[in-house]
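A short worksheet on the structure shown next.
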Amino acid sequence: MDAEELLKRYAGKQRDFKGAQLSGVDLKGANLSGIDLQDANLSGADLSQATLKNANLIRANFSRASLIRRKT
């Protein structure tokens with residue numbers, strides 16, 4: 001699944017993305033509050049500045065992913 005598809009589904013109120021293949025996606029700055037990414041593959045993804053409040057990240061693969069959050 002690419003970033004555009006995930007964001008489209010998320011905007012349509014879908015929150016269950018268990019096991020999603022999201023390797024290398026660019027989700028920089030995305031608001032993904034409450035998303036369920038259990039067992040998802042986010043290796044190499046860019047999640048810098050993304051909001052993951054109340055997200056389920058159990059067993060999600062974040063190897064080589066960017067999770068940088070700049071202080072404001």
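Every chain in the structure tokens has a letter given in the order shown (A, B, ...), and although residue numbers restart at 1 in each chain, ligands are simply numbered from 1 in the order shown.
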
Would you kindly return, as a VMD selection string, each protein, DNA or RNA residue with an atom no farther than 8 Å from any atom of Ile58 (chain A), considering only C-alpha atoms and excluding same-chain residues fewer than 6 positions away?
chain A and resid 37 to 39

How would the residues just chosen look if you wrote them out with C-alpha atoms as a PDB file, in the first residue's frame?
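Result written to selection17.pdb:
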ATOM      1  CA  LEU A  37      -0.384  -0.686  12.710  1.00  0.00           C
ATOM      2  CA  GLN A  38       0.047  -3.949  14.598  1.00  0.00           C
ATOM      3  CA  ASP A  39       2.418  -6.251  12.658  1.00  0.00           C
TER       4      ASP A  39
END

Considering only C-alpha atoms, return as a PyMOL selection string whatever protein or nucleic-acid residues lie within 10 Å of Ala20 (chain A), sequence-local ones (same chain, fewer than 6 positions apart) excluded.
chain A and resi 1-2+6+36-42+60

Shell of 6 Å around Leu27 (chain A), only C-alpha atoms, local chain residues under 3 positions omitted, as a CSV table (one decimal) with N, CA and C atoms, in the first residue's frame:
chain,number,residue,atom,x,y,z
A,30,ALA,N,2.1,13.4,8.8
A,30,ALA,CA,0.7,12.9,8.8
A,30,ALA,C,0.2,12.8,10.2
A,46,ASP,N,9.2,7.1,6.1
A,46,ASP,CA,9.4,8.5,6.7
A,46,ASP,C,8.2,8.9,7.5
A,47,LEU,N,8.3,8.8,8.8
A,47,LEU,CA,7.2,9.2,9.7
A,47,LEU,C,7.7,10.5,10.5

Shell around Arg69 (chain A) at 9 Å using only C-alpha atoms, local window under 6 positions removed, as a PyMOL selection string:
chain A and resi 47-50

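Using only C-alpha atoms, the shortest contact distance between Gly34 (chain A) and any of A:Asn61, A:Ser66, A:Gln14, A:Asn54 is found at A:Asn54.
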
Option closest in space to Asn56 (chain A), from A:Phe17, A:Leu22, A:Ile68, A:Ser43 [counting only C-alpha atoms]
A:Phe17

Please compute the CA of Arg64 (chain A)-CA of Gly19 (chain A) distance, one decimal, in Å.
17.8 Å

Considering only alpha helix (DSSP H) as DSSP defines it on the backbone, what residues of region 2-62 of chain A qualify? List them as an MDAnalysis selection string.
chainID A and resid 3:11

Enter the distance from CA of Ala11 (chain A) to CA of Leu52 (chain A), in Å, rounded to one decimal.
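These two atoms are separated by 14.8 Å.
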